[in-house]
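**Q** For reference, this is target_5.pdb, and it has PDB, C-alpha atoms.
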```
ATOM      1  CA  MET K   1       2.782  26.410  -4.754
ATOM      2  CA  LEU K   2       2.459  25.895  -8.549
ATOM      3  CA  HIS K   3       6.250  25.861  -8.985
ATOM      4  CA  TYR K   4       6.579  23.336  -6.179
ATOM      5  CA  PHE K   5       3.836  21.187  -7.740
ATOM      6  CA  LEU K   6       5.527  21.162 -11.174
ATOM      7  CA  LYS K   7       8.898  20.188  -9.686
ATOM      8  CA  ARG K   8       7.368  17.293  -7.814
ATOM      9  CA  LEU K   9       5.434  16.243 -10.942
ATOM     10  CA  LEU K  10       8.657  16.133 -12.975
ATOM     11  CA  SER K  11      10.283  14.036 -10.267
ATOM     12  CA  LEU K  12       7.304  11.656 -10.380
ATOM     13  CA  ALA K  13       7.602  11.227 -14.158
ATOM     14  CA  LEU K  14      11.349  10.520 -14.011
ATOM     15  CA  SER K  15      10.827   8.018 -11.198
ATOM     16  CA  LEU K  16       8.222   6.165 -13.262
ATOM     17  CA  VAL K  17      10.536   5.924 -16.277
ATOM     18  CA  ALA K  18      13.402   4.621 -14.144
ATOM     19  CA  ALA K  19      11.106   2.133 -12.403
ATOM     20  CA  SER K  20       9.718   0.802 -15.705
ATOM     21  CA  VAL K  21      13.227   0.168 -17.053
ATOM     22  CA  LEU K  22      14.324  -1.543 -13.834
ATOM     23  CA  ILE K  23      11.215  -3.751 -13.643
ATOM     24  CA  PHE K  24      11.455  -4.806 -17.284
ATOM     25  CA  LEU K  25      15.168  -5.609 -17.178
ATOM     26  CA  THR K  26      14.862  -7.459 -13.868
ATOM     27  CA  LEU K  27      12.165  -9.769 -15.198
ATOM     28  CA  GLU K  28      14.022 -10.257 -18.468
ATOM     29  CA  VAL K  29      16.953 -11.930 -16.662
ATOM     30  CA  VAL K  30      14.641 -14.306 -14.756
ATOM     31  CA  PRO K  31      15.364 -17.829 -16.059
ATOM     32  CA  GLY K  32      12.680 -19.747 -17.896
ATOM     33  CA  ASP K  33      10.771 -19.508 -21.180
ATOM     34  CA  PRO K  34       7.045 -18.680 -20.909
ATOM     35  CA  ALA K  35       6.361 -20.435 -24.210
ATOM     36  CA  ALA K  36       8.097 -23.616 -23.070
ATOM     37  CA  TYR K  37       6.228 -23.465 -19.787
ATOM     38  CA  MET K  38       2.881 -23.182 -21.576
ATOM     39  CA  LEU K  39       3.517 -25.940 -24.148
ATOM     40  CA  GLY K  40       5.496 -28.338 -21.986
ATOM     41  CA  ILE K  41       8.969 -29.831 -22.229
ATOM     42  CA  ASN K  42       8.092 -32.023 -25.236
ATOM     43  CA  ALA K  43       6.999 -29.164 -27.491
ATOM     44  CA  GLN K  44       8.646 -28.893 -30.929
ATOM     45  CA  GLU K  45      10.958 -25.967 -31.632
ATOM     46  CA  ASP K  46       8.875 -24.635 -34.521
ATOM     47  CA  THR K  47       5.778 -24.693 -32.295
ATOM     48  CA  LEU K  48       7.691 -22.821 -29.594
ATOM     49  CA  ASN K  49       8.869 -20.206 -32.099
ATOM     50  CA  ALA K  50       5.328 -19.727 -33.385
ATOM     51  CA  LEU K  51       4.038 -19.166 -29.853
ATOM     52  CA  ARG K  52       6.909 -16.810 -29.035
ATOM     53  CA  GLU K  53       6.053 -14.821 -32.154
ATOM     54  CA  GLN K  54       2.394 -14.727 -31.163
ATOM     55  CA  LEU K  55       3.264 -13.547 -27.651
ATOM     56  CA  GLY K  56       5.756 -10.972 -28.932
ATOM     57  CA  LEU K  57       8.741 -12.647 -27.302
ATOM     58  CA  ASN K  58      10.995 -12.825 -30.387
ATOM     59  CA  GLY K  59      11.794  -9.122 -30.624
ATOM     60  CA  THR K  60      14.868  -7.454 -29.147
ATOM     61  CA  ILE K  61      14.804  -6.292 -25.538
ATOM     62  CA  LEU K  62      14.532  -2.651 -26.671
ATOM     63  CA  GLN K  63      11.639  -3.422 -29.021
ATOM     64  CA  ARG K  64       9.804  -5.360 -26.344
ATOM     65  CA  TYR K  65      10.363  -2.637 -23.740
ATOM     66  CA  LEU K  66       9.162   0.134 -26.041
ATOM     67  CA  SER K  67       6.099  -1.920 -27.012
ATOM     68  CA  TRP K  68       5.266  -2.610 -23.370
ATOM     69  CA  ALA K  69       5.958   0.928 -22.119
ATOM     70  CA  GLY K  70       4.070   2.475 -25.051
ATOM     71  CA  GLY K  71       1.088   0.282 -24.247
ATOM     72  CA  LEU K  72       1.169   1.378 -20.611
ATOM     73  CA  LEU K  73       0.893   5.028 -21.656
ATOM     74  CA  VAL K  74      -2.409   4.349 -23.449
ATOM     75  CA  GLY K  75      -3.757   1.859 -20.923
ATOM     76  CA  ASP K  76      -2.876  -1.256 -22.951
ATOM     77  CA  PHE K  77      -1.127  -3.684 -20.589
ATOM     78  CA  GLY K  78      -0.903  -6.473 -23.150
ATOM     79  CA  THR K  79      -2.452  -9.941 -23.109
ATOM     80  CA  SER K  80      -1.868 -12.514 -20.413
ATOM     81  CA  TYR K  81       0.135 -15.523 -21.580
ATOM     82  CA  THR K  82      -1.842 -17.852 -19.301
ATOM     83  CA  TYR K  83      -5.380 -16.474 -19.257
ATOM     84  CA  ARG K  84      -5.261 -15.202 -22.876
ATOM     85  CA  THR K  85      -7.264 -12.159 -21.814
ATOM     86  CA  PRO K  86      -6.195  -8.495 -21.621
ATOM     87  CA  VAL K  87      -4.065  -7.844 -18.551
ATOM     88  CA  ALA K  88      -6.010  -4.624 -17.941
ATOM     89  CA  GLU K  89      -9.171  -6.668 -17.369
ATOM     90  CA  LEU K  90      -7.411  -8.963 -14.913
ATOM     91  CA  ILE K  91      -5.979  -5.989 -13.018
ATOM     92  CA  GLY K  92      -9.316  -4.180 -13.020
ATOM     93  CA  GLU K  93     -11.087  -7.185 -11.508
ATOM     94  CA  ARG K  94      -8.459  -7.695  -8.800
ATOM     95  CA  LEU K  95      -7.970  -3.988  -8.070
ATOM     96  CA  TRP K  96     -11.570  -3.703  -6.876
ATOM     97  CA  VAL K  97     -10.608  -6.065  -4.070
ATOM     98  CA  SER K  98      -7.099  -4.876  -3.183
ATOM     99  CA  LEU K  99      -7.799  -1.136  -3.253
ATOM    100  CA  PRO K 100     -10.858  -1.221  -0.936
ATOM    101  CA  LEU K 101      -8.948  -3.592   1.349
ATOM    102  CA  ALA K 102      -5.981  -1.206   1.561
ATOM    103  CA  LEU K 103      -8.214   1.833   2.155
ATOM    104  CA  TYR K 104     -10.259  -0.053   4.753
ATOM    105  CA  ALA K 105      -7.119  -1.145   6.605
ATOM    106  CA  LEU K 106      -5.626   2.364   6.452
ATOM    107  CA  LEU K 107      -8.856   3.866   7.787
ATOM    108  CA  LEU K 108      -8.925   1.402  10.682
ATOM    109  CA  SER K 109      -5.265   1.970  11.550
ATOM    110  CA  THR K 110      -5.758   5.757  11.478
ATOM    111  CA  LEU K 111      -8.893   5.632  13.634
ATOM    112  CA  ILE K 112      -6.991   3.550  16.180
ATOM    113  CA  ALA K 113      -3.606   5.284  16.042
ATOM    114  CA  PHE K 114      -4.555   8.969  16.199
ATOM    115  CA  PRO K 115      -6.592   8.830  19.437
ATOM    116  CA  ALA K 116      -4.173   6.332  21.017
ATOM    117  CA  GLY K 117      -1.080   8.372  20.110
ATOM    118  CA  ILE K 118      -2.595  11.661  21.281
ATOM    119  CA  TRP K 119      -3.860  10.040  24.480
ATOM    120  CA  ALA K 120      -0.460   8.510  25.249
ATOM    121  CA  ALA K 121       1.306  11.826  24.603
ATOM    122  CA  SER K 122      -1.117  13.723  26.835
ATOM    123  CA  LYS K 123      -0.559  11.149  29.631
ATOM    124  CA  ARG K 124       3.211  10.911  29.276
ATOM    125  CA  GLY K 125       4.876   8.978  32.088
ATOM    126  CA  THR K 126       1.609   7.625  33.481
ATOM    127  CA  VAL K 127       0.190   4.112  33.582
ATOM    128  CA  VAL K 128      -1.942   4.954  30.537
ATOM    129  CA  ASP K 129       1.161   5.842  28.516
ATOM    130  CA  SER K 130       2.925   2.639  29.573
ATOM    131  CA  CYS K 131      -0.100   0.501  28.691
ATOM    132  CA  VAL K 132      -0.487   2.071  25.251
ATOM    133  CA  MET K 133       3.221   1.618  24.492
ATOM    134  CA  GLY K 134       3.101  -1.973  25.722
ATOM    135  CA  VAL K 135       0.133  -2.827  23.517
ATOM    136  CA  THR K 136       1.742  -1.195  20.479
ATOM    137  CA  GLN K 137       4.971  -3.110  21.096
ATOM    138  CA  LEU K 138       2.952  -6.311  21.083
ATOM    139  CA  GLY K 139       1.156  -5.221  17.909
ATOM    140  CA  VAL K 140       4.464  -4.623  16.128
ATOM    141  CA  ALA K 141       5.892  -7.972  17.279
ATOM    142  CA  ILE K 142       2.963 -10.205  16.233
ATOM    143  CA  PRO K 143       3.114 -11.259  12.536
ATOM    144  CA  ASN K 144      -0.037 -10.198  10.735
ATOM    145  CA  PHE K 145      -0.487 -13.580   9.026
ATOM    146  CA  TRP K 146      -0.476 -15.327  12.430
ATOM    147  CA  PHE K 147      -3.001 -12.815  13.731
ATOM    148  CA  ALA K 148      -5.090 -13.363  10.575
ATOM    149  CA  MET K 149      -5.211 -17.121  11.149
ATOM    150  CA  LEU K 150      -6.107 -16.544  14.811
ATOM    151  CA  MET K 151      -9.037 -14.336  13.789
ATOM    152  CA  VAL K 152     -10.221 -16.965  11.305
ATOM    153  CA  LEU K 153     -10.147 -19.547  14.091
ATOM    154  CA  VAL K 154     -12.030 -17.346  16.559
ATOM    155  CA  PHE K 155     -14.469 -15.299  14.477
ATOM    156  CA  ALA K 156     -15.038 -17.572  11.480
ATOM    157  CA  ILE K 157     -14.766 -21.131  12.799
ATOM    158  CA  ASN K 158     -15.789 -20.813  16.463
ATOM    159  CA  LEU K 159     -18.159 -17.843  16.535
ATOM    160  CA  ARG K 160     -19.219 -18.039  12.858
ATOM    161  CA  TRP K 161     -19.592 -14.253  12.628
ATOM    162  CA  PHE K 162     -17.602 -14.046   9.389
ATOM    163  CA  SER K 163     -16.733 -16.381   6.546
ATOM    164  CA  ALA K 164     -13.312 -18.033   6.674
ATOM    165  CA  GLY K 165     -12.340 -16.650   3.297
ATOM    166  CA  GLY K 166     -13.359 -15.764  -0.216
ATOM    167  CA  PHE K 167     -15.014 -12.677  -1.635
ATOM    168  CA  PRO K 168     -18.666 -12.613  -2.798
ATOM    169  CA  GLY K 169     -18.194  -9.717  -5.212
ATOM    170  CA  TRP K 170     -19.519  -6.162  -4.993
ATOM    171  CA  GLU K 171     -22.596  -7.156  -6.972
ATOM    172  CA  GLU K 172     -23.796  -8.890  -3.800
ATOM    173  CA  GLY K 173     -23.973  -5.512  -2.071
ATOM    174  CA  LEU K 174     -21.710  -3.151  -0.142
ATOM    175  CA  PHE K 175     -22.408  -4.798   3.208
ATOM    176  CA  ALA K 176     -21.469  -8.279   1.959
ATOM    177  CA  GLY K 177     -18.265  -6.988   0.385
ATOM    178  CA  MET K 178     -17.174  -4.992   3.428
ATOM    179  CA  LYS K 179     -17.997  -7.904   5.736
ATOM    180  CA  ALA K 180     -15.735 -10.182   3.680
ATOM    181  CA  LEU K 181     -12.923  -7.611   3.900
ATOM    182  CA  THR K 182     -13.291  -6.868   7.627
ATOM    183  CA  LEU K 183     -11.097  -9.626   9.060
ATOM    184  CA  PRO K 184      -8.335  -9.135   6.439
ATOM    185  CA  ALA K 185      -8.453  -5.365   7.008
ATOM    186  CA  ILE K 186      -8.124  -5.788  10.781
ATOM    187  CA  ALA K 187      -5.225  -8.211  10.326
ATOM    188  CA  LEU K 188      -3.463  -5.651   8.137
ATOM    189  CA  ALA K 189      -4.437  -2.610  10.206
ATOM    190  CA  LEU K 190      -3.385  -3.558  13.738
ATOM    191  CA  PRO K 191       0.398  -3.805  13.127
ATOM    192  CA  GLN K 192       0.270  -0.572  11.124
ATOM    193  CA  ALA K 193      -1.810   1.116  13.840
ATOM    194  CA  SER K 194       0.831   0.140  16.406
ATOM    195  CA  ILE K 195       3.583   1.762  14.361
ATOM    196  CA  LEU K 196       1.511   4.864  13.637
ATOM    197  CA  THR K 197       0.573   5.239  17.329
ATOM    198  CA  ARG K 198       4.222   5.261  18.372
ATOM    199  CA  VAL K 199       5.142   7.771  15.665
ATOM    200  CA  MET K 200       2.192  10.004  16.588
ATOM    201  CA  ARG K 201       3.121   9.972  20.266
ATOM    202  CA  SER K 202       6.824  10.628  19.628
ATOM    203  CA  SER K 203       6.181  13.433  17.121
ATOM    204  CA  LEU K 204       3.637  15.115  19.392
ATOM    205  CA  LEU K 205       5.944  14.970  22.404
ATOM    206  CA  ASP K 206       8.792  16.491  20.366
ATOM    207  CA  THR K 207       6.510  19.287  19.201
ATOM    208  CA  LEU K 208       5.259  19.960  22.717
ATOM    209  CA  GLY K 209       8.860  20.597  23.746
ATOM    210  CA  GLU K 210       9.374  23.407  21.201
ATOM    211  CA  ASP K 211       9.893  27.028  22.270
ATOM    212  CA  TYR K 212       6.679  28.301  20.692
ATOM    213  CA  ILE K 213       4.674  25.816  22.741
ATOM    214  CA  ARG K 214       6.348  27.056  25.915
ATOM    215  CA  SER K 215       5.561  30.605  24.850
ATOM    216  CA  ALA K 216       1.921  29.657  24.303
ATOM    217  CA  ARG K 217       1.843  28.054  27.750
ATOM    218  CA  ALA K 218       3.412  31.179  29.264
ATOM    219  CA  LYS K 219       0.584  33.253  27.773
ATOM    220  CA  GLY K 220      -1.948  31.238  29.702
ATOM    221  CA  LEU K 221      -2.854  28.261  27.517
ATOM    222  CA  THR K 222      -3.225  24.919  29.214
ATOM    223  CA  ARG K 223      -1.218  21.934  27.976
ATOM    224  CA  ARG K 224      -4.310  20.519  26.285
ATOM    225  CA  GLN K 225      -5.098  23.825  24.551
ATOM    226  CA  ALA K 226      -1.501  24.228  23.361
ATOM    227  CA  MET K 227      -1.499  20.694  22.032
ATOM    228  CA  TRP K 228      -4.760  20.979  20.063
ATOM    229  CA  ARG K 229      -4.255  24.549  18.809
ATOM    230  CA  HIS K 230      -0.554  24.524  17.942
ATOM    231  CA  ALA K 231       1.279  21.241  18.411
ATOM    232  CA  LEU K 232      -0.950  18.752  16.626
ATOM    233  CA  ARG K 233      -0.762  20.231  13.137
ATOM    234  CA  ASN K 234       3.031  20.565  13.276
ATOM    235  CA  ALA K 235       3.343  17.004  14.557
ATOM    236  CA  LEU K 236       1.571  15.622  11.485
ATOM    237  CA  ILE K 237       4.529  15.790   9.062
ATOM    238  CA  PRO K 238       6.272  12.543  10.157
ATOM    239  CA  VAL K 239       2.854  10.956  10.659
ATOM    240  CA  LEU K 240       1.892  11.734   7.044
ATOM    241  CA  THR K 241       5.135  10.112   5.909
ATOM    242  CA  ILE K 242       4.314   6.905   7.740
ATOM    243  CA  MET K 243       0.719   6.918   6.477
ATOM    244  CA  GLY K 244       1.922   7.232   2.885
ATOM    245  CA  LEU K 245       4.337   4.352   3.324
ATOM    246  CA  GLN K 246       1.676   2.286   5.044
ATOM    247  CA  PHE K 247      -0.844   2.721   2.243
ATOM    248  CA  SER K 248       1.784   1.644  -0.269
ATOM    249  CA  PHE K 249       2.566  -1.402   1.849
ATOM    250  CA  LEU K 250      -1.101  -2.252   2.331
ATOM    251  CA  LEU K 251      -1.767  -2.080  -1.399
ATOM    252  CA  ALA K 252       1.379  -3.846  -2.599
ATOM    253  CA  GLY K 253       2.305  -6.059   0.322
ATOM    254  CA  ALA K 254      -0.904  -7.885   1.202
ATOM    255  CA  ILE K 255       0.005 -11.074  -0.694
ATOM    256  CA  ILE K 256       0.139 -13.257   2.418
ATOM    257  CA  ILE K 257      -3.128 -11.916   3.857
ATOM    258  CA  GLU K 258      -4.903 -12.313   0.517
ATOM    259  CA  ASN K 259      -3.767 -15.929   0.389
ATOM    260  CA  VAL K 260      -4.826 -16.588   4.000
ATOM    261  CA  PHE K 261      -8.350 -15.348   3.234
ATOM    262  CA  TYR K 262      -8.432 -16.521  -0.404
ATOM    263  CA  LEU K 263      -9.115 -13.014  -1.658
ATOM    264  CA  PRO K 264      -8.888 -12.517  -5.445
ATOM    265  CA  GLY K 265      -6.703  -9.422  -5.187
ATOM    266  CA  LEU K 266      -3.570  -8.143  -6.892
ATOM    267  CA  GLY K 267      -1.341 -10.020  -4.473
ATOM    268  CA  ARG K 268      -2.755 -13.407  -5.432
ATOM    269  CA  LEU K 269      -2.701 -12.420  -9.109
ATOM    270  CA  VAL K 270       1.034 -11.692  -8.936
ATOM    271  CA  PHE K 271       1.685 -14.909  -7.020
ATOM    272  CA  GLN K 272      -0.206 -16.972  -9.614
ATOM    273  CA  ALA K 273       1.483 -15.137 -12.510
ATOM    274  CA  ILE K 274       4.953 -15.810 -11.104
ATOM    275  CA  SER K 275       4.082 -19.486 -10.664
ATOM    276  CA  SER K 276       2.937 -19.761 -14.288
ATOM    277  CA  ARG K 277       5.720 -17.583 -15.766
ATOM    278  CA  ASP K 278       3.156 -15.034 -16.965
ATOM    279  CA  LEU K 279       5.715 -12.231 -17.106
ATOM    280  CA  ILE K 280       3.511  -9.670 -18.835
ATOM    281  CA  VAL K 281       1.086  -9.831 -15.898
ATOM    282  CA  VAL K 282       3.913  -9.580 -13.354
ATOM    283  CA  GLU K 283       5.463  -6.600 -15.146
ATOM    284  CA  SER K 284       2.177  -4.750 -15.468
ATOM    285  CA  VAL K 285       0.965  -5.365 -11.903
ATOM    286  CA  VAL K 286       4.326  -4.460 -10.369
ATOM    287  CA  MET K 287       4.467  -1.300 -12.505
ATOM    288  CA  LEU K 288       0.959  -0.383 -11.379
ATOM    289  CA  LEU K 289       1.940  -0.882  -7.733
ATOM    290  CA  VAL K 290       5.094   1.203  -8.220
ATOM    291  CA  PHE K 291       2.963   3.936  -9.777
ATOM    292  CA  ALA K 292       0.659   3.788  -6.748
ATOM    293  CA  VAL K 293       3.623   4.076  -4.365
ATOM    294  CA  ILE K 294       5.117   7.034  -6.248
ATOM    295  CA  LEU K 295       1.724   8.721  -6.546
ATOM    296  CA  VAL K 296       1.105   8.352  -2.811
ATOM    297  CA  ASN K 297       4.531   9.833  -2.063
ATOM    298  CA  PHE K 298       3.706  12.697  -4.418
ATOM    299  CA  ALA K 299       0.458  13.307  -2.544
ATOM    300  CA  VAL K 300       2.316  13.177   0.772
ATOM    301  CA  ASP K 301       4.788  15.792  -0.495
ATOM    302  CA  LEU K 302       1.892  18.064  -1.403
ATOM    303  CA  ALA K 303       0.383  17.447   2.018
ATOM    304  CA  TYR K 304       3.720  18.475   3.578
ATOM    305  CA  ALA K 305       3.583  21.773   1.731
ATOM    306  CA  TRP K 306       0.008  22.318   2.874
ATOM    307  CA  VAL K 307       0.777  21.526   6.510
ATOM    308  CA  ASP K 308       4.054  23.497   6.614
ATOM    309  CA  PRO K 309       4.277  26.360   4.049
ATOM    310  CA  ARG K 310       8.004  26.741   4.835
ATOM    311  CA  LEU K 311       8.685  23.608   2.772
ATOM    312  CA  ARG K 312       7.371  25.315  -0.371
ATOM    313  CA  ARG K 313      10.000  28.021  -0.005
ATOM    314  CA  ARG K 314      12.852  25.573   0.536
ATOM    315  CA  ARG K 315      12.316  23.541  -2.633
TER     316      ARG K 315
END
```
Kindly present the structure from the file in structure tokens form.

**A**
Amino acid sequence: MLHYFLKRLLSLALSLVAASVLIFLTLEVVPGDPAAYMLGINAQEDTLNALREQLGLNGTILQRYLSWAGGLLVGDFGTSYTYRTPVAELIGERLWVSLPLALYALLLSTLIAFPAGIWAASKRGTVVDSCVMGVTQLGVAIPNFWFAMLMVLVFAINLRWFSAGGFPGWEEGLFAGMKALTLPAIALALPQASILTRVMRSSLLDTLGEDYIRSARAKGLTRRQAMWRHALRNALIPVLTIMGLQFSFLLAGAIIIENVFYLPGLGRLVFQAISSRDLIVVESVVMLLVFAVILVNFAVDLAYAWVDPRLRRRR
């Protein structure tokens, strides 16, 4: 297991280096001058050069990359061109909204998908199975931003159970914070729960058709006993893959939902930074999100090895 862990850790490090180079070079070719954007079109050239020097924009691409990447290694993300505050502070403030939102949505989708997928698989070919598959098809088809606006209309405007948007801050208490994140989390969770339900059902049905399950049934186990004792654990490998991808999506891809509910998360920070040409913020936030995606995939790989020890011997 240690050898497997070290190999995956090396792969993670190489992926991070490649991602940092790609992100930096991609944003370097984006047209526009942050200094000119900040000072306006009538700014004098010497003033622009002074600001570029202050922001560290006059160095070569290699010098700027090494300065940025070296700062990332020690937790120094640089200073925002627009806010003139450390990027790490901006990310830290927004992360305490985006991360709980992603975890909340993932928890909701898992709590919905696991029972629904197992129930549909155990009732294969029945009305229950057809209903579950129909509902999940609808959940996949409905855009989450449309569903988010519908929930605002129903639960915030008509029923007044929740606020229409905004975030009070965790200093107002856990209940207030979680209440503000509930509608966004549901809007994010339901489409993901639909996908996860279908994957859970399909994986469980495939596992139930394996020879060892038939052997267990031949020894006297009922279908339910064979499913819970043998099939479920082996059916989790593709489900873990989807859960890892979903968490990455929920953390990095909630820009639209955060804008619908006016949540001060990472998604809105990136959107505002792109609008104001604050490239250092964009680079740092995107790199952080890439790190989160790679780290989640690393954790999923370790979970594979825990669920199925045969994978440790193959790699």

**Q** Could you give me the centre and size, in Å to one decimal, of an axis-aligned box around all listed atoms of stretch 194-209 of chain K with 5 Å added on every side, as JSON?

**A**
```
{"center_x": 4.7, "center_y": 10.4, "center_z": 18.7, "size_x": 18.3, "size_y": 30.5, "size_z": 20.1}
```

**Q** Residues picked by the PyMOL selection byres ((chain K and resi 287-298) around 7) here, as a list in words?

**A**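 Answer for the PyMOL selection byres ((chain K and resi 287-298) around 7): Arg8, Leu12, Leu16, Ser20, Gly244, Ser248, Ala252, Glu283, Ser284, Val285, Val286, Ala299, Val300, Asp301 and Leu302 of chain K.
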
**Q** K:Thr241, K:Glu93, K:Leu22, K:Arg201: which is nearest K:Lys123, counting all atoms listed in the file?

**A**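 Closest candidate: K:Arg201.
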
**Q** With distances taken over only C-alpha atoms, which residue among K:Asp129, K:Glu172, K:Asp278, K:Glu89 lies nearest K:Gly117?

**A** K:Asp129

**Q** Interatomic distance between atom CA of K:Trp119 and atom CA of K:Thr222?

**A**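 Between these atoms lies a distance of 15.6 Å.
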
**Q** On this structure, the PyMOL selection byres ((chain K and resi 145-154) around 10) would catch which residues? List them as a PyMOL selection string, sorted by chain and number.

**A** chain K and resi 139+142-144+155-165+183-188+190-191+254+256-261

**Q** Closest to K:Leu90 among K:Gly59, K:Phe77, K:Val132, K:Ala102, using only C-alpha atoms?

**A**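 Result for the nearest residue to K:Leu90: K:Phe77.
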
**Q** Write out as a ChimeraX atom specification each polymer residue whose atoms come within 8 Å of K:Ser80, counting all atoms listed in the file; drop sequence neighbours fewer than 5 positions from it.

**A** /K:85-87,278,280-281

**Q** Near K:Arg268, within 7 Å and counting all atoms listed in the file, which residues show up once chain neighbours fewer than 2 positions away are dropped, as a list of chain:residue names?

**A**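 So, after excluding close chain neighbours, the residues are K:Ile255, K:Glu258, K:Asn259, K:Pro264, K:Gly265, K:Leu266, K:Val270, K:Phe271, K:Gln272.
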
**Q** Write the residues of the selection above to a file with C-alpha atoms, as an mmCIF file, keeping the file's coordinate frame.

**A**
```cif
data_model
loop_
_atom_site.group_PDB
_atom_site.id
_atom_site.type_symbol
_atom_site.label_atom_id
_atom_site.label_comp_id
_atom_site.auth_asym_id
_atom_site.auth_seq_id
_atom_site.Cartn_x
_atom_site.Cartn_y
_atom_site.Cartn_z
ATOM 1 C CA ILE K 255 0.005 -11.074 -0.694
ATOM 2 C CA GLU K 258 -4.903 -12.313 0.517
ATOM 3 C CA ASN K 259 -3.767 -15.929 0.389
ATOM 4 C CA PRO K 264 -8.888 -12.517 -5.445
ATOM 5 C CA GLY K 265 -6.703 -9.422 -5.187
ATOM 6 C CA LEU K 266 -3.570 -8.143 -6.892
ATOM 7 C CA VAL K 270 1.034 -11.692 -8.936
ATOM 8 C CA PHE K 271 1.685 -14.909 -7.020
ATOM 9 C CA GLN K 272 -0.206 -16.972 -9.614
#
```

**Q** Could you please determine the separation between atom CA of K:Val135 and atom CA of K:Leu196 in Å, to one decimal place?

**A**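 Computing the Euclidean distance for atom CA of K:Val135 and atom CA of K:Leu196 yields 12.6 Å.
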
**Q** What's the separation between atom CA of K:Leu108 and atom CA of K:Met178, in Å to one decimal place?

**A**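 So the answer is 12.7 Å.
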
**Q** Under the rule that only C-alpha atoms are counted, which of K:Arg94, K:Ala69, K:Ser276, K:Val199 is the nearest residue to K:Ala19?

**A**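 Going through K:Arg94, K:Ala69, K:Ser276, K:Val199 one by one, the smallest distance to K:Ala19 is for K:Ala69.
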
**Q** Which is closer to K:Ala141 than all the others in K:Leu62, K:Ala231, K:Ala120, K:Ile195, using only C-alpha atoms?

**A**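 For K:Ala141, the nearest of the given residues is K:Ile195.
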
**Q** List as a list in words the protein and nucleic acid residues near K:Ala193, meaning an atom at most 8 Å away when only C-alpha atoms are counted, but skip any in the same chain fewer than 6 places from it.

**A**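 These residues fall inside the cut-off: Leu108, Ser109, Thr110, Ile112, Ala113 and Thr136 of chain K.
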
**Q** Which residue, K:Ala189, K:Ile118, K:Leu25, K:Ala180, has the smallest gap to K:Met227 when you use all atoms listed in the file?

**A**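 Between K:Ala189, K:Ile118, K:Leu25, K:Ala180, the residue approaching K:Met227 most closely is K:Ile118.
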
**Q** Taking the block just given, write stretch 127-140 of chain K to a file that holds N, CA and C atoms, as an mmCIF file, in the first residue's frame.

**A**
```
data_model
loop_
_atom_site.group_PDB
_atom_site.id
_atom_site.type_symbol
_atom_site.label_atom_id
_atom_site.label_comp_id
_atom_site.auth_asym_id
_atom_site.auth_seq_id
_atom_site.Cartn_x
_atom_site.Cartn_y
_atom_site.Cartn_z
ATOM 1 N N VAL K 127 -42.472 -1.028 -11.330
ATOM 2 C CA VAL K 127 -42.925 0.359 -11.439
ATOM 3 C C VAL K 127 -42.007 1.291 -10.648
ATOM 4 N N VAL K 128 -41.536 0.805 -9.497
ATOM 5 C CA VAL K 128 -40.624 1.616 -8.673
ATOM 6 C C VAL K 128 -39.362 1.965 -9.457
ATOM 7 N N ASP K 129 -38.783 0.980 -10.126
ATOM 8 C CA ASP K 129 -37.575 1.201 -10.918
ATOM 9 C C ASP K 129 -37.842 2.216 -12.028
ATOM 10 N N SER K 130 -38.948 2.072 -12.706
ATOM 11 C CA SER K 130 -39.293 2.995 -13.802
ATOM 12 C C SER K 130 -39.494 4.412 -13.289
ATOM 13 N N CYS K 131 -40.137 4.549 -12.135
ATOM 14 C CA CYS K 131 -40.370 5.882 -11.564
ATOM 15 C C CYS K 131 -39.058 6.546 -11.166
ATOM 16 N N VAL K 132 -38.176 5.788 -10.521
ATOM 17 C CA VAL K 132 -36.890 6.346 -10.108
ATOM 18 C C VAL K 132 -36.082 6.784 -11.325
ATOM 19 N N MET K 133 -36.046 5.954 -12.370
ATOM 20 C CA MET K 133 -35.302 6.306 -13.573
ATOM 21 C C MET K 133 -35.923 7.506 -14.283
ATOM 22 N N GLY K 134 -37.252 7.594 -14.264
ATOM 23 C CA GLY K 134 -37.907 8.747 -14.868
ATOM 24 C C GLY K 134 -37.586 10.043 -14.150
ATOM 25 N N VAL K 135 -37.605 10.000 -12.823
ATOM 26 C CA VAL K 135 -37.295 11.194 -12.033
ATOM 27 C C VAL K 135 -35.837 11.608 -12.238
ATOM 28 N N THR K 136 -34.934 10.631 -12.273
ATOM 29 C CA THR K 136 -33.522 10.978 -12.475
ATOM 30 C C THR K 136 -33.279 11.533 -13.872
ATOM 31 N N GLN K 137 -34.006 11.034 -14.867
ATOM 32 C CA GLN K 137 -33.871 11.591 -16.213
ATOM 33 C C GLN K 137 -34.300 13.053 -16.239
ATOM 34 N N LEU K 138 -35.360 13.351 -15.514
ATOM 35 C CA LEU K 138 -35.832 14.726 -15.409
ATOM 36 C C LEU K 138 -34.803 15.592 -14.667
ATOM 37 N N GLY K 139 -34.212 15.023 -13.608
ATOM 38 C CA GLY K 139 -33.213 15.765 -12.850
ATOM 39 C C GLY K 139 -31.979 16.096 -13.666
ATOM 40 N N VAL K 140 -31.587 15.181 -14.551
ATOM 41 C CA VAL K 140 -30.429 15.433 -15.422
ATOM 42 C C VAL K 140 -30.763 16.492 -16.467
#
```
